[in-house]
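Novice: File work_26.cif follows (mmCIF, C-alpha atoms):
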```cif
data_start
#
loop_
_atom_site.label_atom_id
_atom_site.label_comp_id
_atom_site.auth_asym_id
_atom_site.auth_seq_id
_atom_site.Cartn_x
_atom_site.Cartn_y
_atom_site.Cartn_z
CA MET A 1 48.71 -85.17 149.15
CA GLY A 2 46.99 -85.81 152.51
CA VAL A 3 46.10 -82.13 152.90
CA ALA A 4 44.77 -81.98 149.34
CA ARG A 5 42.59 -85.07 149.92
CA ARG A 6 41.28 -83.61 153.19
CA ASP A 7 40.45 -80.31 151.51
CA SER A 8 38.64 -82.05 148.64
CA GLY A 9 36.78 -84.21 151.16
CA ALA A 10 35.62 -81.17 153.10
CA GLU A 11 34.41 -79.56 149.89
CA ALA A 12 32.57 -82.72 148.79
CA VAL A 13 30.69 -83.08 152.08
CA ARG A 14 29.73 -79.40 152.26
CA PRO A 15 26.19 -80.02 150.84
CA LEU A 16 25.77 -82.93 153.26
CA VAL A 17 26.81 -80.86 156.26
CA ALA A 18 24.55 -77.99 155.18
CA ALA A 19 21.53 -80.31 154.87
CA HIS A 20 22.32 -82.01 158.19
CA ARG A 21 22.74 -78.77 160.12
CA LYS A 22 19.26 -77.59 159.14
CA VAL A 23 18.02 -80.13 161.69
CA PHE A 24 21.15 -80.57 163.85
CA PRO A 25 22.88 -77.16 164.00
CA GLY A 26 25.71 -78.50 166.14
CA ALA A 27 26.42 -81.59 164.02
CA ASP A 28 30.04 -82.79 163.88
CA ALA A 29 31.19 -81.86 160.38
CA GLU A 30 34.65 -83.27 161.05
CA LEU A 31 33.21 -86.74 161.71
CA LEU A 32 31.26 -86.66 158.45
CA CYS A 33 34.36 -85.49 156.59
CA ARG A 34 36.42 -88.31 158.12
CA ALA A 35 33.82 -90.92 157.16
CA TYR A 36 33.74 -89.54 153.62
CA GLU A 37 37.55 -89.65 153.37
CA VAL A 38 37.62 -93.29 154.53
CA ALA A 39 34.92 -94.26 152.03
CA ASP A 40 36.59 -92.28 149.26
CA ARG A 41 39.94 -93.94 149.93
CA TRP A 42 38.52 -97.49 149.98
CA HIS A 43 36.32 -96.92 146.93
CA SER A 44 39.16 -95.28 145.02
CA GLY A 45 39.25 -96.47 141.40
CA GLN A 46 35.75 -97.95 141.54
CA LEU A 47 33.12 -96.57 139.16
CA ARG A 48 29.35 -96.66 138.99
CA LYS A 49 27.59 -98.06 135.91
CA SER A 50 27.17 -94.43 134.84
CA GLY A 51 30.95 -93.96 134.85
CA ALA A 52 30.82 -91.66 137.89
CA PRO A 53 33.25 -92.28 140.77
CA TYR A 54 31.69 -94.76 143.17
CA ILE A 55 31.91 -92.37 146.13
CA THR A 56 29.15 -90.28 144.55
CA HIS A 57 26.66 -93.01 145.51
CA PRO A 58 27.22 -93.20 149.29
CA LEU A 59 27.42 -89.40 149.40
CA ALA A 60 24.06 -89.13 147.61
CA VAL A 61 22.53 -91.67 150.00
CA ALA A 62 23.81 -89.71 153.01
CA ILE A 63 22.32 -86.48 151.61
CA LEU A 64 18.96 -88.20 151.09
CA LEU A 65 19.03 -89.23 154.74
CA ALA A 66 20.09 -85.76 155.91
CA ASP A 67 17.13 -84.30 154.03
CA ILE A 68 14.71 -86.34 156.17
CA GLY A 69 16.47 -85.38 159.40
CA MET A 70 18.44 -88.53 160.25
CA ASP A 71 21.12 -88.32 162.93
CA THR A 72 24.89 -88.08 162.44
CA THR A 73 25.50 -91.76 163.19
CA THR A 74 23.14 -92.76 160.38
CA LEU A 75 24.87 -90.41 157.93
CA VAL A 76 28.30 -91.78 158.84
CA ALA A 77 27.00 -95.33 158.28
CA ALA A 78 25.48 -94.26 154.95
CA LEU A 79 28.83 -92.92 153.76
CA LEU A 80 30.43 -96.25 154.68
CA HIS A 81 27.55 -98.56 153.78
CA ASP A 82 29.20 -100.23 150.76
CA THR A 83 32.78 -100.34 151.98
CA VAL A 84 32.63 -103.71 153.72
CA GLU A 85 30.69 -105.24 150.83
CA ASP A 86 32.76 -103.84 147.96
CA THR A 87 36.23 -103.15 149.38
CA GLY A 88 38.75 -104.68 151.75
CA LEU A 89 37.56 -102.70 154.78
CA THR A 90 36.27 -104.96 157.57
CA ILE A 91 33.45 -104.49 160.06
CA GLY A 92 36.05 -104.72 162.81
CA GLU A 93 37.92 -101.78 161.33
CA VAL A 94 34.71 -99.78 160.97
CA LYS A 95 33.89 -100.50 164.63
CA ALA A 96 37.39 -99.54 165.77
CA GLU A 97 37.32 -96.18 163.97
CA PHE A 98 33.66 -95.17 164.13
CA GLY A 99 32.18 -97.13 167.02
CA PRO A 100 29.79 -100.06 167.49
CA GLU A 101 26.61 -98.20 166.44
CA VAL A 102 28.01 -97.36 163.02
CA ALA A 103 29.36 -100.90 162.64
CA VAL A 104 25.93 -102.42 163.38
CA LEU A 105 24.28 -100.22 160.76
CA VAL A 106 26.91 -100.92 158.11
CA ASP A 107 26.78 -104.65 158.79
CA GLY A 108 22.99 -104.59 158.60
CA VAL A 109 22.95 -103.30 155.02
CA THR A 110 25.94 -105.36 153.81
CA LYS A 111 24.98 -108.06 151.32
CA LEU A 112 25.97 -111.66 151.92
CA ASP A 113 28.66 -113.16 149.71
CA GLY A 114 27.05 -114.38 146.48
CA ALA A 115 29.87 -116.85 145.87
CA ARG A 116 29.09 -118.53 149.17
CA TRP A 117 25.29 -118.30 149.21
CA GLY A 118 24.60 -118.71 145.48
CA ASP A 119 20.97 -118.31 144.42
CA HIS A 120 19.95 -117.86 148.06
CA ALA A 121 22.14 -114.77 148.57
CA GLU A 122 19.47 -112.16 147.83
CA GLY A 123 16.80 -113.76 150.01
CA GLU A 124 19.18 -114.42 152.88
CA THR A 125 20.54 -110.87 152.64
CA PHE A 126 17.03 -109.49 152.98
CA ARG A 127 16.35 -111.78 155.94
CA LYS A 128 19.60 -110.58 157.56
CA MET A 129 18.64 -106.94 156.99
CA ILE A 130 15.19 -107.42 158.57
CA LEU A 131 16.74 -109.07 161.62
CA ALA A 132 19.19 -106.16 161.92
CA ALA A 133 16.33 -103.67 161.51
CA SER A 134 14.46 -105.35 164.38
CA ILE A 135 17.35 -104.16 166.56
CA ASP A 136 17.87 -100.78 164.89
CA LEU A 137 15.33 -99.46 162.36
CA ARG A 138 17.95 -97.13 160.92
CA VAL A 139 19.26 -100.14 158.96
CA LEU A 140 16.04 -100.18 156.97
CA VAL A 141 16.01 -96.40 156.51
CA ILE A 142 19.54 -96.52 155.04
CA LYS A 143 18.47 -99.36 152.74
CA LEU A 144 15.49 -97.35 151.51
CA ALA A 145 17.65 -94.30 150.74
CA ASP A 146 20.17 -96.58 149.03
CA ARG A 147 17.43 -98.03 146.84
CA VAL A 148 16.05 -94.58 145.96
CA HIS A 149 19.43 -93.52 144.60
CA ASN A 150 20.01 -96.84 142.84
CA LEU A 151 16.63 -96.51 141.13
CA ARG A 152 17.48 -92.96 140.05
CA THR A 153 20.46 -94.39 138.18
CA LEU A 154 18.80 -97.65 137.12
CA GLY A 155 18.88 -96.70 133.44
CA HIS A 156 22.64 -97.22 133.36
CA HIS A 157 22.16 -101.00 133.74
CA ALA A 158 22.41 -102.38 130.21
CA LYS A 159 20.22 -105.46 130.77
CA ARG A 160 16.49 -104.88 130.84
CA GLU A 161 15.99 -108.08 132.87
CA LYS A 162 18.16 -106.73 135.67
CA ARG A 163 16.42 -103.36 135.65
CA GLU A 164 13.06 -105.07 135.91
CA ARG A 165 14.22 -107.43 138.66
CA ILE A 166 15.47 -104.53 140.78
CA ALA A 167 12.32 -102.50 140.13
CA ARG A 168 10.02 -105.42 140.96
CA ALA A 169 11.86 -106.22 144.18
CA SER A 170 11.65 -102.55 145.13
CA MET A 171 7.88 -102.55 144.66
CA GLU A 172 7.27 -105.84 146.44
CA LEU A 173 9.74 -105.63 149.32
CA LEU A 174 10.71 -102.03 150.03
CA VAL A 175 7.60 -99.96 149.28
CA PRO A 176 5.65 -101.63 152.14
CA PHE A 177 8.44 -100.77 154.58
CA ALA A 178 8.55 -97.16 153.39
CA GLN A 179 4.79 -96.96 154.03
CA ARG A 180 5.05 -98.51 157.49
CA LEU A 181 7.86 -96.15 158.48
CA GLY A 182 5.96 -93.12 157.22
CA LEU A 183 8.65 -92.34 154.65
CA TYR A 184 6.10 -91.35 152.04
CA ALA A 185 8.49 -89.28 149.93
CA TYR A 186 10.68 -92.37 149.55
CA GLN A 187 7.63 -94.52 148.85
CA ARG A 188 6.40 -92.23 146.10
CA GLU A 189 9.77 -91.95 144.42
CA ILE A 190 10.45 -95.69 144.59
CA GLU A 191 7.02 -96.40 143.10
CA ASP A 192 7.41 -93.87 140.28
CA LEU A 193 10.94 -94.98 139.36
CA ALA A 194 10.04 -98.67 139.52
CA PHE A 195 6.88 -97.96 137.50
CA ALA A 196 9.00 -96.30 134.78
CA ALA A 197 11.24 -99.38 134.60
CA LEU A 198 8.46 -101.97 134.63
CA ALA A 199 5.90 -100.24 132.40
CA PRO A 200 7.66 -97.46 130.45
CA GLU A 201 4.80 -96.92 127.98
CA ALA A 202 2.19 -96.57 130.72
CA HIS A 203 4.52 -94.28 132.65
CA GLU A 204 4.94 -91.97 129.66
CA ARG A 205 1.20 -91.95 129.03
CA VAL A 206 0.39 -90.90 132.60
CA LEU A 207 3.16 -88.29 132.54
CA ALA A 208 1.70 -86.78 129.36
CA LEU A 209 -1.79 -86.69 130.89
CA VAL A 210 -0.46 -84.92 134.00
CA ARG A 211 1.25 -82.30 131.88
CA GLN A 212 -2.00 -81.72 129.99
CA ALA A 213 -3.84 -81.15 133.28
CA ALA A 214 -1.34 -78.57 134.58
CA GLY A 215 -3.06 -75.55 133.04
CA GLU A 216 -6.51 -76.54 134.29
CA ARG A 217 -5.07 -77.05 137.77
CA ARG A 218 -4.00 -73.43 138.06
CA ALA A 219 -7.42 -72.18 137.07
CA VAL A 220 -9.60 -74.58 139.08
CA LEU A 221 -7.50 -75.10 142.19
CA GLY A 222 -6.76 -71.40 142.63
CA ASP A 223 -10.46 -70.63 143.15
CA LEU A 224 -11.00 -73.75 145.26
CA ILE A 225 -8.11 -73.04 147.61
CA ALA A 226 -9.09 -69.39 148.01
CA GLY A 227 -12.62 -70.44 148.91
CA MET A 228 -11.44 -73.01 151.44
CA ARG A 229 -9.09 -70.56 153.10
CA ALA A 230 -11.88 -68.01 153.41
CA ALA A 231 -14.27 -70.60 154.88
CA LEU A 232 -11.70 -71.79 157.42
CA ALA A 233 -10.86 -68.23 158.44
CA ALA A 234 -14.56 -67.43 158.88
CA ALA A 235 -14.86 -70.48 161.16
CA GLY A 236 -11.90 -69.28 163.21
CA ILE A 237 -9.68 -72.18 162.14
CA ARG A 238 -6.03 -71.37 161.50
CA ALA A 239 -4.83 -73.72 158.78
CA GLN A 240 -2.72 -73.97 155.67
CA VAL A 241 -4.36 -75.06 152.43
CA GLU A 242 -2.22 -76.22 149.54
CA ALA A 243 -2.44 -78.23 146.33
CA ARG A 244 -0.27 -81.31 146.06
CA ALA A 245 0.39 -83.30 142.91
CA ARG A 246 -0.33 -87.02 143.12
CA HIS A 247 2.61 -89.14 142.03
CA LEU A 248 2.44 -90.95 138.72
CA TYR A 249 2.07 -94.50 139.98
CA SER A 250 -0.80 -93.48 142.25
CA ILE A 251 -2.60 -91.91 139.28
CA HIS A 252 -1.90 -94.99 137.14
CA ARG A 253 -3.47 -97.31 139.70
CA SER A 254 -6.64 -95.22 139.86
CA LEU A 255 -7.18 -94.93 136.11
CA PRO A 256 -9.70 -97.19 134.34
CA GLU A 257 -8.31 -99.83 131.99
CA ASP A 258 -9.64 -98.01 128.94
CA ALA A 259 -7.08 -95.20 128.92
CA PRO A 260 -8.64 -91.71 129.28
CA ARG A 261 -7.60 -88.95 126.94
CA ALA A 262 -7.50 -86.37 129.71
CA LEU A 263 -7.28 -86.20 133.49
CA GLY A 264 -9.63 -84.29 135.74
CA VAL A 265 -7.99 -82.04 138.31
CA ALA A 266 -9.02 -84.43 141.08
CA ASP A 267 -7.26 -87.29 139.28
CA ALA A 268 -3.91 -85.52 139.32
CA PHE A 269 -3.98 -83.34 142.44
CA ARG A 270 -5.09 -83.32 146.04
CA VAL A 271 -5.86 -80.36 148.25
CA ALA A 272 -4.31 -80.74 151.69
CA VAL A 273 -5.52 -78.88 154.77
CA VAL A 274 -2.86 -78.69 157.49
CA VAL A 275 -4.14 -77.89 160.98
CA ASP A 276 -1.65 -77.89 163.86
CA GLY A 277 0.84 -79.81 161.74
CA THR A 278 -1.63 -82.59 160.85
CA ASP A 279 -2.68 -83.23 157.26
CA ALA A 280 -6.21 -83.96 156.17
CA ASP A 281 -6.39 -84.74 152.45
CA CYS A 282 -9.50 -83.47 150.67
CA TYR A 283 -10.51 -85.02 147.36
#
```
How does this structure look as structure tokens?

Specialist:
Amino acid sequence: MGVARRDSGAEAVRPLVAAHRKVFPGADAELLCRAYEVADRWHSGQLRKSGAPYITHPLAVAILLADIGMDTTTLVAALLHDTVEDTGLTIGEVKAEFGPEVAVLVDGVTKLDGARWGDHAEGETFRKMILAASIDLRVLVIKLADRVHNLRTLGHHAKREKRERIARASMELLVPFAQRLGLYAYQREIEDLAFAALAPEAHERVLALVRQAAGERRAVLGDLIAGMRAALAAAGIRAQVEARARHLYSIHRSLPEDAPRALGVADAFRVAVVVDGTDADCY
């Protein structure tokens, strides 16, 4: 039974290890596997709102963090981030098995007891997280990845009021932190997912407009990018030029109140010039 669980744990963390080793080739796969096995054991029998085993959530959060190049300690904490909150595992036990750094990160993202704090639990939890992040910013990075995955599965919450509350809090509290930390991929996804929950009709309208603009993009941007590359080469500047789609919420904010029937290429896409690793957006 123990061998079978260990084998299944190793298989489950394979994508995590692969993503992590793109940045940290010598990363300790055994440590990640052990953290996964502990989380899997303590979350055993728990299910997500979607019906999926609960362990799929911390694993997804850890993979999100691996994709942005976070260190092994952060990934271990991500795998364990809900154990203290939702199971009988204690911070002391986390510290004893995985060390004080992991324990600090897990404690930083652990919600306060709602039964004890009542209506103040959410606000006090956020205050606690910010204080923990002032000591170690990785607390906030884990929280952002956690919220990205929770927003991806937000549709499984039956109550619209709860979906909207989570989406609104994400916009108001977490998007500014993603911006400040330079985690723009997280910012864009949080904004788009929260936008879909808060204004589904507007979200669908913008999505339809973007799809309509796709064909024009290929025609117009192809010539534009070729011309820019030629001009840069003639000036002796080595640079990459590429088209990047604007995310839906960004487009929505820039549209006039009287809804357009079509988007211009500049409304939906940006051309980025990358020189020595630094972006300069051209509009």

Novice: Between atom CA of Leu173 of chain A and atom CA of His149 of chain A, measure the distance and give it in Å to one decimal.

Specialist: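 Interatomic distance, atom CA of Leu173 of chain A to atom CA of His149 of chain A: 16.2 Å.
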
Novice: Leaving out Phe126 of chain A and any residue of its chain fewer than 2 positions from it, which residues lie within 10 Å of it when counting only C-alpha atoms, given as a PyMOL selection string?

Specialist: chain A and resi 108-112+121-124+128-132+173

Novice: Please, what distance in Å, to one decimal, runs between atom CA of Glu189 of chain A and atom CA of His156 of chain A?

Specialist: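 Atom CA of His156 of chain A lies 17.8 Å from atom CA of Glu189 of chain A.
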
Novice: Residues picked by the PyMOL selection byres ((chain A and resi 194-201) around 9) here, as JSON, numbers by chain?

Specialist: {"A": [151, 154, 155, 160, 163, 164, 165, 166, 167, 168, 170, 171, 189, 190, 191, 192, 193, 202, 203, 204, 205, 206, 248, 249]}

Novice: Which residues are close to segment 19-25 of chain A, i.e. within 8 Å by only C-alpha atoms, leaving aside same-chain residues fewer than 2 positions away? Reply as a compact mmCIF listing (two decimals) with C-alpha atoms, in the coordinates of the input.

Specialist:
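Written out: result-v7.txt:
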```
# COMPACT_ATOMS: atom_id res chain seq x y z
CA PRO A 15 26.19 -80.02 150.84
CA LEU A 16 25.77 -82.93 153.26
CA VAL A 17 26.81 -80.86 156.26
CA ALA A 27 26.42 -81.59 164.02
CA ILE A 63 22.32 -86.48 151.61
CA ALA A 66 20.09 -85.76 155.91
CA ASP A 67 17.13 -84.30 154.03
CA GLY A 69 16.47 -85.38 159.40
CA MET A 70 18.44 -88.53 160.25
CA ASP A 71 21.12 -88.32 162.93
CA THR A 72 24.89 -88.08 162.44
```

Novice: Go through A:Ala158, A:Ala219, A:Leu105, A:Leu75 one by one, measure the shortest atom-to-atom distance of each to Ile135 of chain A using only C-alpha atoms, and give the residue with the smallest value.

Specialist: A:Leu105

Novice: How many Å separate atom CA of Thr83 of chain A from atom CA of Ala18 of chain A?

Specialist: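 Pair atom CA of Thr83 of chain A / atom CA of Ala18 of chain A returns 24.0 Å.
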
Novice: Carefully work through the PyMOL selection byres ((chain A and resi 142) around 8) for this structure and note down the residues it includes, as a PDB file with C-alpha atoms, keeping the file's coordinate frame.

Specialist:
```
ATOM      1  CA  VAL A  61      22.530 -91.670 150.000  1.00  0.00           C
ATOM      2  CA  LEU A  65      19.030 -89.230 154.740  1.00  0.00           C
ATOM      3  CA  THR A  74      23.140 -92.760 160.380  1.00  0.00           C
ATOM      4  CA  ALA A  78      25.480 -94.260 154.950  1.00  0.00           C
ATOM      5  CA  VAL A 109      22.950-103.300 155.020  1.00  0.00           C
ATOM      6  CA  ARG A 138      17.950 -97.130 160.920  1.00  0.00           C
ATOM      7  CA  VAL A 139      19.260-100.140 158.960  1.00  0.00           C
ATOM      8  CA  LEU A 140      16.040-100.180 156.970  1.00  0.00           C
ATOM      9  CA  VAL A 141      16.010 -96.400 156.510  1.00  0.00           C
ATOM     10  CA  LYS A 143      18.470 -99.360 152.740  1.00  0.00           C
ATOM     11  CA  LEU A 144      15.490 -97.350 151.510  1.00  0.00           C
ATOM     12  CA  ALA A 145      17.650 -94.300 150.740  1.00  0.00           C
ATOM     13  CA  ASP A 146      20.170 -96.580 149.030  1.00  0.00           C
TER      14      ASP A 146
END
```

Novice: For a cut-off of 8 Å around (4.5, -99.3, 149.0), file coordinates, pick out all residues using only C-alpha atoms and list them as a list in words.

Specialist: Met171, Glu172, Leu174, Val175, Pro176, Phe177, Ala178, Gln179, Gln187, Arg188 and Glu191 of chain A

Novice: I want to know what sits within 9 Å of segment 51-59 of chain A, based on all atoms listed in the file, with residues of the same chain fewer than 3 positions away left out; could you give that as a PyMOL selection string?

Specialist: chain A and resi 12-13+16+36+39-40+43-48+62-64+75+78-82+146+149-150

Novice: Write the residues you've just listed into a file as a PDB file, in the frame of the given file, and include C-alpha atoms for each of them.

Specialist:
```pdb
ATOM      1  CA  ALA A  12      32.570 -82.720 148.790  1.00  0.00           C
ATOM      2  CA  VAL A  13      30.690 -83.080 152.080  1.00  0.00           C
ATOM      3  CA  LEU A  16      25.770 -82.930 153.260  1.00  0.00           C
ATOM      4  CA  TYR A  36      33.740 -89.540 153.620  1.00  0.00           C
ATOM      5  CA  ALA A  39      34.920 -94.260 152.030  1.00  0.00           C
ATOM      6  CA  ASP A  40      36.590 -92.280 149.260  1.00  0.00           C
ATOM      7  CA  HIS A  43      36.320 -96.920 146.930  1.00  0.00           C
ATOM      8  CA  SER A  44      39.160 -95.280 145.020  1.00  0.00           C
ATOM      9  CA  GLY A  45      39.250 -96.470 141.400  1.00  0.00           C
ATOM     10  CA  GLN A  46      35.750 -97.950 141.540  1.00  0.00           C
ATOM     11  CA  LEU A  47      33.120 -96.570 139.160  1.00  0.00           C
ATOM     12  CA  ARG A  48      29.350 -96.660 138.990  1.00  0.00           C
ATOM     13  CA  ALA A  62      23.810 -89.710 153.010  1.00  0.00           C
ATOM     14  CA  ILE A  63      22.320 -86.480 151.610  1.00  0.00           C
ATOM     15  CA  LEU A  64      18.960 -88.200 151.090  1.00  0.00           C
ATOM     16  CA  LEU A  75      24.870 -90.410 157.930  1.00  0.00           C
ATOM     17  CA  ALA A  78      25.480 -94.260 154.950  1.00  0.00           C
ATOM     18  CA  LEU A  79      28.830 -92.920 153.760  1.00  0.00           C
ATOM     19  CA  LEU A  80      30.430 -96.250 154.680  1.00  0.00           C
ATOM     20  CA  HIS A  81      27.550 -98.560 153.780  1.00  0.00           C
ATOM     21  CA  ASP A  82      29.200-100.230 150.760  1.00  0.00           C
ATOM     22  CA  ASP A 146      20.170 -96.580 149.030  1.00  0.00           C
ATOM     23  CA  HIS A 149      19.430 -93.520 144.600  1.00  0.00           C
ATOM     24  CA  ASN A 150      20.010 -96.840 142.840  1.00  0.00           C
TER      25      ASN A 150
END
```

Novice: For the PyMOL selection byres ((chain A and resi 241) around 8), applied here, can you spell out every residue it catches as an NGL selection string?

Specialist: :A and (225 or 228-229 or 239-240 or 242-243 or 271-274)

Novice: Nearest residue to Thr90 of chain A out of A:Ala10, A:Glu161, A:Trp42, A:Leu209, using all atoms listed in the file?

Specialist: A:Trp42

Novice: Starting from 8 Å padding per side, set up an axis-aligned box that covers all listed atoms of segment 52-68 of chain A and hand over centre and edge lengths in Å, one decimal, as JSON.

Specialist:
```
{"center_x": 24.0, "center_y": -89.5, "center_z": 147.0, "size_x": 34.5, "size_y": 26.5, "size_z": 34.3}
```

Novice: Return segment 98-113 of chain A, completed with N, CA, C and O atoms, as a PDB file, keeping the file's coordinate frame.

Specialist:
```pdb
ATOM      1  N   PHE A  98      34.890 -95.961 164.039  1.00  0.00           N
ATOM      2  CA  PHE A  98      33.660 -95.170 164.130  1.00  0.00           C
ATOM      3  C   PHE A  98      32.685 -95.626 165.203  1.00  0.00           C
ATOM      4  O   PHE A  98      31.630 -95.004 165.376  1.00  0.00           O
ATOM      5  N   GLY A  99      33.010 -96.703 165.910  1.00  0.00           N
ATOM      6  CA  GLY A  99      32.180 -97.130 167.020  1.00  0.00           C
ATOM      7  C   GLY A  99      31.204 -98.235 166.671  1.00  0.00           C
ATOM      8  O   GLY A  99      30.917 -98.498 165.493  1.00  0.00           O
ATOM      9  N   PRO A 100      30.660 -98.904 167.709  1.00  0.00           N
ATOM     10  CA  PRO A 100      29.790-100.060 167.490  1.00  0.00           C
ATOM     11  C   PRO A 100      28.466 -99.732 166.811  1.00  0.00           C
ATOM     12  O   PRO A 100      27.940-100.552 166.054  1.00  0.00           O
ATOM     13  N   GLU A 101      27.886 -98.551 167.078  1.00  0.00           N
ATOM     14  CA  GLU A 101      26.610 -98.200 166.440  1.00  0.00           C
ATOM     15  C   GLU A 101      26.743 -98.143 164.924  1.00  0.00           C
ATOM     16  O   GLU A 101      25.922 -98.695 164.185  1.00  0.00           O
ATOM     17  N   VAL A 102      27.771 -97.462 164.458  1.00  0.00           N
ATOM     18  CA  VAL A 102      28.010 -97.360 163.020  1.00  0.00           C
ATOM     19  C   VAL A 102      28.259 -98.748 162.432  1.00  0.00           C
ATOM     20  O   VAL A 102      27.733 -99.093 161.367  1.00  0.00           O
ATOM     21  N   ALA A 103      29.035 -99.553 163.136  1.00  0.00           N
ATOM     22  CA  ALA A 103      29.360-100.900 162.640  1.00  0.00           C
ATOM     23  C   ALA A 103      28.100-101.747 162.493  1.00  0.00           C
ATOM     24  O   ALA A 103      27.947-102.488 161.514  1.00  0.00           O
ATOM     25  N   VAL A 104      27.181-101.658 163.454  1.00  0.00           N
ATOM     26  CA  VAL A 104      25.930-102.420 163.380  1.00  0.00           C
ATOM     27  C   VAL A 104      25.115-102.009 162.162  1.00  0.00           C
ATOM     28  O   VAL A 104      24.562-102.848 161.441  1.00  0.00           O
ATOM     29  N   LEU A 105      25.052-100.709 161.900  1.00  0.00           N
ATOM     30  CA  LEU A 105      24.280-100.220 160.760  1.00  0.00           C
ATOM     31  C   LEU A 105      24.911-100.652 159.436  1.00  0.00           C
ATOM     32  O   LEU A 105      24.211-101.084 158.519  1.00  0.00           O
ATOM     33  N   VAL A 106      26.221-100.519 159.347  1.00  0.00           N
ATOM     34  CA  VAL A 106      26.910-100.920 158.110  1.00  0.00           C
ATOM     35  C   VAL A 106      26.754-102.423 157.884  1.00  0.00           C
ATOM     36  O   VAL A 106      26.463-102.867 156.763  1.00  0.00           O
ATOM     37  N   ASP A 107      26.917-103.200 158.930  1.00  0.00           N
ATOM     38  CA  ASP A 107      26.780-104.650 158.790  1.00  0.00           C
ATOM     39  C   ASP A 107      25.360-105.026 158.384  1.00  0.00           C
ATOM     40  O   ASP A 107      25.143-105.947 157.587  1.00  0.00           O
ATOM     41  N   GLY A 108      24.384-104.288 158.903  1.00  0.00           N
ATOM     42  CA  GLY A 108      22.990-104.590 158.600  1.00  0.00           C
ATOM     43  C   GLY A 108      22.636-104.454 157.138  1.00  0.00           C
ATOM     44  O   GLY A 108      21.770-105.186 156.632  1.00  0.00           O
ATOM     45  N   VAL A 109      23.274-103.508 156.436  1.00  0.00           N
ATOM     46  CA  VAL A 109      22.950-103.300 155.020  1.00  0.00           C
ATOM     47  C   VAL A 109      23.955-103.974 154.081  1.00  0.00           C
ATOM     48  O   VAL A 109      23.831-103.866 152.860  1.00  0.00           O
ATOM     49  N   THR A 110      24.934-104.685 154.634  1.00  0.00           N
ATOM     50  CA  THR A 110      25.940-105.360 153.810  1.00  0.00           C
ATOM     51  C   THR A 110      25.398-106.676 153.266  1.00  0.00           C
ATOM     52  O   THR A 110      24.908-107.520 154.017  1.00  0.00           O
ATOM     53  N   LYS A 111      25.474-106.837 151.954  1.00  0.00           N
ATOM     54  CA  LYS A 111      24.980-108.060 151.320  1.00  0.00           C
ATOM     55  C   LYS A 111      25.845-109.262 151.685  1.00  0.00           C
ATOM     56  O   LYS A 111      27.057-109.125 151.897  1.00  0.00           O
ATOM     57  N   LEU A 112      25.225-110.433 151.711  1.00  0.00           N
ATOM     58  CA  LEU A 112      25.970-111.660 151.920  1.00  0.00           C
ATOM     59  C   LEU A 112      26.730-112.034 150.653  1.00  0.00           C
ATOM     60  O   LEU A 112      26.354-111.647 149.541  1.00  0.00           O
ATOM     61  N   ASP A 113      27.791-112.770 150.815  1.00  0.00           N
ATOM     62  CA  ASP A 113      28.660-113.160 149.710  1.00  0.00           C
ATOM     63  C   ASP A 113      27.926-114.076 148.731  1.00  0.00           C
ATOM     64  O   ASP A 113      27.515-115.188 149.071  1.00  0.00           O
TER      65      ASP A 113
END
```
